[in-house]
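Down below is the structure, laid out as structure tokens.
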Amino acid sequence: MSSAWNLNLNTKGTGRGRGRGRPPDIPTGTQQTTFSKVLARESQGPPAVGNAPSGESAAERFSKASSPIQRSLQNHLDRQISMDDSSSEEDEDSIDDDAIKHEMYKDYLLKMGQGDGNLGQKQQNVQETWSGGNSCAICIGKIRREDAVWSCRECCTTLHLHCVQNWAKQAVMLKDYQSEEQISKAAATWPCPNCRFEYKGHETPSRYTCFCGKKTDPPPHPWLAPHSCGDRCDKRLKPECGHVCLLLCHPGPCPPCPQMVRSPCHCGSQAAQPRRCCSRDWSCGSTCNHTLACNQHTCSLPCHAGECSRCPRTSKQPCRCGRSTQVRPCATPHWTCTEPCQKPFSCDQHQCEQVCHDGSCGECPRSGQRTCPCGKTEFDLPCTEDVPKCGDTCEKLLQCGAHKCTRACHNGPCEKCLQMSTKRCRCGLREKSLPCSKEYSCDTRCIKIRPCTRHPCKKRCCDGNCPPCEQTCGKRLTCKNHKCPLPCHPGPCYLCPKTVDIFCFCKRTKITVPCGVEKVTRPPKCKELCRVPPDCHHPERNPHRCHFKGCPACRQTCNKPLSGCSHICPVRCHSAVLTRKMEGKKVRAGPEEPVAKAYLEVVDKPCPPCAEPVPVECLGKHKIWKFQCSRARPFSCEAPCGRSLSCGNHVCQKACHKVTNANSEQQAGRECNRCEEPCSKSRPEGCSHQCSLPCHPGDCPPCNRNLKMPCHCKNLNLIIECSKWTSTSLEGRSGLSTCLGPCRQTIGCGHLCSKPCHQGKCSTVKACKQKKNLMCPCRRKKKNFSCCDVTSGKAELTCDDLCEKTKEEKREKEREAERLAAEEEEKQKQRDQEEYERLTRGKKHKNRKTREIKREKTFLERHWRNMAIVTGVLATVLGLISIALYG
């Protein structure tokens, strides 16, 4: 068991500083020691139990107790190996740099477009900020996200804030030390360590701000660029155009202005067009046509910026004096010949001796007042006579500046001063008597320190202004790789001018960093695909980015042809699988024997059995199911056989089985069932009887049973043969269903239908010919008319004089009845009043009086019997008449 924890698998981490590559189940440090102690205790075997069989050895007990732990460990190792298939080049931080950069450039790209090439250097600056290429040029230390920084406004170099403060302080102190006068703090300057741009003393940074200067002490944010506030930059763009930077707060200089402006072309021949502000100067492509400096020709070049070039044509050009003519370029019309002018002066005695010139020759130089060579005596002589010497002493000041010439007036320069004088050397330490024209320098060497503050002057007879040191500085630069090649100088050396290219693994992506920073800079992220040849049978690896260390396991499909079938292996590539193996397979006899060591080996594993689904038809050929190719066999789908039996009406109900000796794929075979069912063929429409024969082929015989169904008028029930009914058409069935008697249906007028037993709607009221009694309005007169005339309103019966007389008598009787009713009501009220008074006066015993009221019988009460008899007779007569007419 202890061997599992002491494996030397050389599994290195894929990350930096967080131990991502180490298997999670292998303890390190003190944990490994603790686990070793636990395993040592386990290796001694489980404690003895009283009921344990005496024949079980310690090795068997140890193997039984350690087997669960070994299985658990093996599962952990297998999971770790599968996890190691991921990319081996995982960064320390899981921040999406591309998303942050896209957010930073979003406003700028909306104005400029995606194809702008001016963002290259800006993206390089941001890339260096993340990759570690952005390092302090003073201390050569890596600038981290949480460090306080300062950025030069001229070259945009980012440095540590405290380094810049120390640099500025030392530079100001050095200049104050070298200066003879006291330098005020306002007048003191210090240079940028990179570009040597001079800053004033009061400009020494004292606060940590973001790149755009809006926010003080910006906190590090995982979703923003380092040292950025996340707001828009808004710095004035250079060259000055009036617009501001649209990028989010960023390192490095601002990109060109992406705003749109209207600008004319260089020559001004075209109207102003909308252009990017950064490329507002443009050429229309037409001919310039500006007049050249020769004032004879025009510019033939395409529209261009700046002044027009010289005229390329040639022409005859006279010289300045006009005596010679040459064919010369138009761009140089003024030229001078080599002959003297020789134009006569106004005196006509002398000629101009100047070389070819333009303009007038002037007056004769020998005319007017002239002086002798020493300048003491003036003469007014014609130009034809020479000026004589005055004979006096010259007395011109000699070159020494202290003595005068002692010769007589003479032509030409004076001689050197030959008088003796005591001269002091340049350093002021020695004196000597020498001719005045000679300089005196002693051999004393200067002992002052040169401006480099390192070496003495050692110049002979130095006047105090010691020259710059001529020796090479030779100090070790901050990069620790090179020495300063400049002449010896005071103060700190310039930064190392050399740069170093840091490449990715494939050498196709690089970042350029200052010399000395390459030791602390991580390699760049390469977006190119890895070109390491595969170690499996595939021609190339899965596409993944360039990386260091080992490539991930192949994730392609195996695609090897499988044995026993025509398919290819569809599983993940297993030609080069990192497998854990043990040295030797001998079983340990006890814990004292050495543990077999584990190692990792690349193994070409065989392809698994073919799992490609292939269609397999069942035995009865009902269904086609898909099975793994390696397990494809004939099978029963357990569905009913479904083959047509010999009867032709039923199918075999046995479960799916093999069929032989069948005439076709639909006919039953020898293995199928025999039909024992009754006939189940569908009966003709309208027949509800079963076939009397057993299940048989062909059509069933005609049905001989009778059907009982009512006629159309529902008056009689008809007996019809079933085969005759089902074989008859709809029109024929209508004739079979009639009873040939009159229709017993009543129409709207109350009479019976005039048609015989029929199907469909009965006759209408307008066709009814039955007689109908019609009475006059007073109901005295009565007369028979046709029902259709009465219904249509054609029949009419009016009252006569006898009817009017009868109406008047009836009205008199009604008035008399009303009068009697009113009298009776009045009498009733009187009786009620008397009864009320009697009850209010008290109870008195009086003989009750019996009153008899006689009521006359009405006409109906008197003659109801006669009216009933007459009505019955009329109904009988009408029935007989209708039977006679329509029967």
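Chains: A, B, ... in order of the structure tokens. Residues: from 1 per chain. Ligands: from 1, in order shown.
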
With a distance cut-off of 10 Å and only C-alpha atoms, select the neighbouring residues of A:Cys284, excluding the residue or stretch itself and same-chain residues fewer than 5 positions from it, and output the selection as a VMD selection string. chain A and resid 264 to 271 302 to 304

Could you turn the residues from that selection into a file that holds all heavy atoms, as a JSON list (two decimals), in the first residue's frame?
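Result saved to again_12.json:
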[["chain", "number", "residue", "atom", "x", "y", "z"],
["A", 264, "PRO", "N", -10.41, 69.48, -47.62],
["A", 264, "PRO", "CA", -10.13, 69.51, -49.06],
["A", 264, "PRO", "C", -8.84, 68.75, -49.36],
["A", 264, "PRO", "O", -8.06, 68.41, -48.47],
["A", 264, "PRO", "CB", -10.00, 71.00, -49.37],
["A", 264, "PRO", "CG", -9.52, 71.59, -48.09],
["A", 264, "PRO", "CD", -10.14, 70.78, -46.99],
["A", 265, "CYS", "N", -8.60, 68.51, -50.65],
["A", 265, "CYS", "CA", -7.38, 67.82, -51.05],
["A", 265, "CYS", "C", -6.19, 68.77, -50.97],
["A", 265, "CYS", "O", -6.33, 69.95, -50.67],
["A", 265, "CYS", "CB", -7.53, 67.25, -52.46],
["A", 265, "CYS", "SG", -7.77, 68.51, -53.72],
["A", 266, "HIS", "N", -4.98, 68.27, -51.28],
["A", 266, "HIS", "CA", -3.76, 69.07, -51.17],
["A", 266, "HIS", "C", -3.78, 70.26, -52.13],
["A", 266, "HIS", "O", -3.41, 71.37, -51.77],
["A", 266, "HIS", "CB", -2.54, 68.20, -51.45],
["A", 266, "HIS", "CG", -2.34, 67.11, -50.44],
["A", 266, "HIS", "ND1", -2.15, 67.36, -49.10],
["A", 266, "HIS", "CD2", -2.34, 65.74, -50.58],
["A", 266, "HIS", "CE1", -2.02, 66.21, -48.46],
["A", 266, "HIS", "NE2", -2.13, 65.22, -49.33],
["A", 267, "CYS", "N", -4.21, 70.01, -53.37],
["A", 267, "CYS", "CA", -4.17, 71.08, -54.37],
["A", 267, "CYS", "C", -5.37, 71.99, -54.30],
["A", 267, "CYS", "O", -5.38, 73.06, -54.92],
["A", 267, "CYS", "CB", -4.05, 70.48, -55.77],
["A", 267, "CYS", "SG", -5.49, 69.49, -56.28],
["A", 268, "GLY", "N", -6.44, 71.59, -53.59],
["A", 268, "GLY", "CA", -7.61, 72.43, -53.44],
["A", 268, "GLY", "C", -8.55, 72.41, -54.62],
["A", 268, "GLY", "O", -9.52, 73.19, -54.65],
["A", 269, "SER", "N", -8.33, 71.53, -55.59],
["A", 269, "SER", "CA", -9.21, 71.48, -56.76],
["A", 269, "SER", "C", -10.51, 70.75, -56.48],
["A", 269, "SER", "O", -11.50, 70.95, -57.18],
["A", 269, "SER", "CB", -8.48, 70.81, -57.93],
["A", 269, "SER", "OG", -8.13, 69.48, -57.59],
["A", 270, "GLN", "N", -10.53, 69.88, -55.51],
["A", 270, "GLN", "CA", -11.72, 69.13, -55.17],
["A", 270, "GLN", "C", -12.39, 69.73, -53.94],
["A", 270, "GLN", "O", -11.73, 70.33, -53.09],
["A", 270, "GLN", "CB", -11.38, 67.66, -54.92],
["A", 270, "GLN", "CG", -10.79, 66.94, -56.11],
["A", 270, "GLN", "CD", -11.80, 66.74, -57.22],
["A", 270, "GLN", "OE1", -13.00, 66.70, -56.96],
["A", 270, "GLN", "NE2", -11.31, 66.65, -58.45],
["A", 271, "ALA", "N", -13.71, 69.53, -53.86],
["A", 271, "ALA", "CA", -14.45, 70.01, -52.69],
["A", 271, "ALA", "C", -14.08, 69.19, -51.46],
["A", 271, "ALA", "O", -13.58, 68.06, -51.57],
["A", 271, "ALA", "CB", -15.95, 69.95, -52.96],
["A", 302, "PRO", "N", 0.92, 64.54, -59.58],
["A", 302, "PRO", "CA", -0.42, 64.38, -58.99],
["A", 302, "PRO", "C", -0.52, 65.19, -57.70],
["A", 302, "PRO", "O", 0.48, 65.58, -57.09],
["A", 302, "PRO", "CB", -0.52, 62.88, -58.72],
["A", 302, "PRO", "CG", 0.49, 62.25, -59.60],
["A", 302, "PRO", "CD", 1.61, 63.24, -59.73],
["A", 303, "CYS", "N", -1.75, 65.46, -57.32],
["A", 303, "CYS", "CA", -2.03, 66.25, -56.11],
["A", 303, "CYS", "C", -1.17, 65.75, -54.96],
["A", 303, "CYS", "O", -1.21, 64.56, -54.62],
["A", 303, "CYS", "CB", -3.52, 66.14, -55.78],
["A", 303, "CYS", "SG", -4.01, 67.01, -54.28],
["A", 304, "HIS", "N", -0.38, 66.64, -54.36],
["A", 304, "HIS", "CA", 0.59, 66.23, -53.35],
["A", 304, "HIS", "C", 0.60, 67.23, -52.22],
["A", 304, "HIS", "O", 0.07, 68.35, -52.32],
["A", 304, "HIS", "CB", 1.99, 66.13, -53.98],
["A", 304, "HIS", "CG", 2.47, 67.43, -54.58],
["A", 304, "HIS", "ND1", 3.13, 68.39, -53.86],
["A", 304, "HIS", "CD2", 2.34, 67.90, -55.85],
["A", 304, "HIS", "CE1", 3.41, 69.42, -54.63],
["A", 304, "HIS", "NE2", 2.95, 69.16, -55.86]]

Hey, what's within 7 Å of stretch 475-485 of chain A if we count only C-alpha atoms and toss same-chain stuff fewer than 6 positions away? As a ChimeraX atom specification, please? /A:138-140,493,495-496,515-516

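Within stretch 687-846 of chain A, DSSP applied to the backbone places the following residues in strand (DSSP E): Asn706, Leu707, Lys708, Met709, Pro710, Asn717, Leu718, Ile719, Ile720, Glu721, Lys771, Lys772, Asn773, Leu774, Met775, Lys782, Lys783, Asn784, Phe785 and Ser786 of chain A.
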
Mind checking which residues fall within 12 Å of A:Cys195, counting only C-alpha atoms, ignoring those fewer than 5 positions away in the same chain, and posting them as a tab-separated table (two decimals) with N, CA, C and O atoms, in the first residue's frame?
chain	number	residue	atom	x	y	z
A	137	ALA	N	12.03	50.45	-15.58
A	137	ALA	CA	13.34	50.62	-16.20
A	137	ALA	C	14.40	51.08	-15.21
A	137	ALA	O	15.59	51.10	-15.55
A	151	SER	N	3.67	57.30	-15.09
A	151	SER	CA	3.84	57.18	-16.54
A	151	SER	C	4.31	58.51	-17.10
A	151	SER	O	3.72	59.56	-16.79
A	152	CYS	N	5.37	58.47	-17.90
A	152	CYS	CA	5.91	59.69	-18.53
A	152	CYS	C	4.92	60.19	-19.57
A	152	CYS	O	4.42	59.41	-20.39
A	153	ARG	N	4.65	61.48	-19.55
A	153	ARG	CA	3.68	62.01	-20.50
A	153	ARG	C	4.24	62.17	-21.90
A	153	ARG	O	3.50	62.40	-22.86
A	154	GLU	N	5.57	62.05	-22.05
A	154	GLU	CA	6.19	62.21	-23.37
A	154	GLU	C	6.38	60.86	-24.05
A	154	GLU	O	5.98	60.68	-25.20
A	155	CYS	N	7.01	59.89	-23.39
A	155	CYS	CA	7.27	58.59	-23.99
A	155	CYS	C	6.34	57.50	-23.44
A	155	CYS	O	6.40	56.36	-23.90
A	156	CYS	N	5.51	57.84	-22.42
A	156	CYS	CA	4.52	56.91	-21.85
A	156	CYS	C	5.17	55.68	-21.22
A	156	CYS	O	4.56	54.61	-21.15
A	157	THR	N	6.42	55.78	-20.79
A	157	THR	CA	7.06	54.67	-20.09
A	157	THR	C	6.49	54.57	-18.68
A	157	THR	O	6.35	55.57	-17.98
A	158	THR	N	6.14	53.36	-18.26
A	158	THR	CA	5.58	53.13	-16.93
A	158	THR	C	6.68	52.68	-15.98
A	158	THR	O	7.42	51.73	-16.28
A	190	TRP	N	14.65	67.60	-13.68
A	190	TRP	CA	15.09	66.20	-13.66
A	190	TRP	C	14.57	65.54	-14.93
A	190	TRP	O	13.49	65.84	-15.41
A	494	TYR	N	22.33	56.00	-18.52
A	494	TYR	CA	21.13	55.80	-19.30
A	494	TYR	C	20.72	54.32	-19.23
A	494	TYR	O	21.50	53.45	-18.89
A	495	LEU	N	19.43	54.11	-19.55
A	495	LEU	CA	18.97	52.73	-19.60
A	495	LEU	C	19.65	51.99	-20.74
A	495	LEU	O	20.09	52.59	-21.73
A	497	PRO	N	20.16	50.47	-24.00
A	497	PRO	CA	19.40	50.71	-25.24
A	497	PRO	C	19.00	49.43	-25.96
A	497	PRO	O	18.21	49.49	-26.90

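Each of A:Ser263, A:Gln830, A:Ser575, A:Thr336 was compared to A:Ser283 using only C-alpha atoms, and A:Ser263 turns out to be the nearest.
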
Considering only C-alpha atoms, return as a CSV table (one decimal) with C-alpha atoms, in the first residue's frame whatever protein or nucleic-acid residues lie within 10 Å of stretch 764-773 of chain A, sequence-local ones (same chain, fewer than 5 positions apart) excluded.
chain,number,residue,atom,x,y,z
A,747,ILE,CA,-99.5,19.2,-41.5
A,748,GLY,CA,-99.6,22.8,-40.2
A,749,CYS,CA,-103.3,23.4,-40.8
A,750,GLY,CA,-104.2,20.4,-38.6
A,751,HIS,CA,-105.3,18.1,-41.5
A,752,LEU,CA,-103.5,14.8,-42.5
A,753,CYS,CA,-101.0,14.8,-45.3
A,754,SER,CA,-102.7,14.3,-48.6
A,782,LYS,CA,-121.1,29.0,-40.8
A,783,LYS,CA,-119.9,27.8,-44.2
A,784,ASN,CA,-117.4,25.2,-45.6
A,785,PHE,CA,-114.4,26.3,-47.7
A,786,SER,CA,-111.1,24.6,-48.9
A,787,CYS,CA,-108.3,24.7,-46.3
A,788,CYS,CA,-105.9,26.3,-48.8
A,789,ASP,CA,-108.4,29.1,-49.5
A,790,VAL,CA,-109.0,29.7,-45.8
A,791,THR,CA,-105.2,29.7,-45.1
A,792,SER,CA,-104.4,32.1,-47.9
A,878,LEU,CA,-115.5,14.5,-41.8
A,881,ILE,CA,-115.2,12.2,-46.3
A,882,SER,CA,-111.4,12.2,-46.0
A,885,LEU,CA,-111.2,11.3,-51.0

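With distances restricted to only C-alpha atoms, A:Ser441 is the closest residue to A:Lys423 from A:Ser763, A:Ser441, A:Gln70, A:Thr499.
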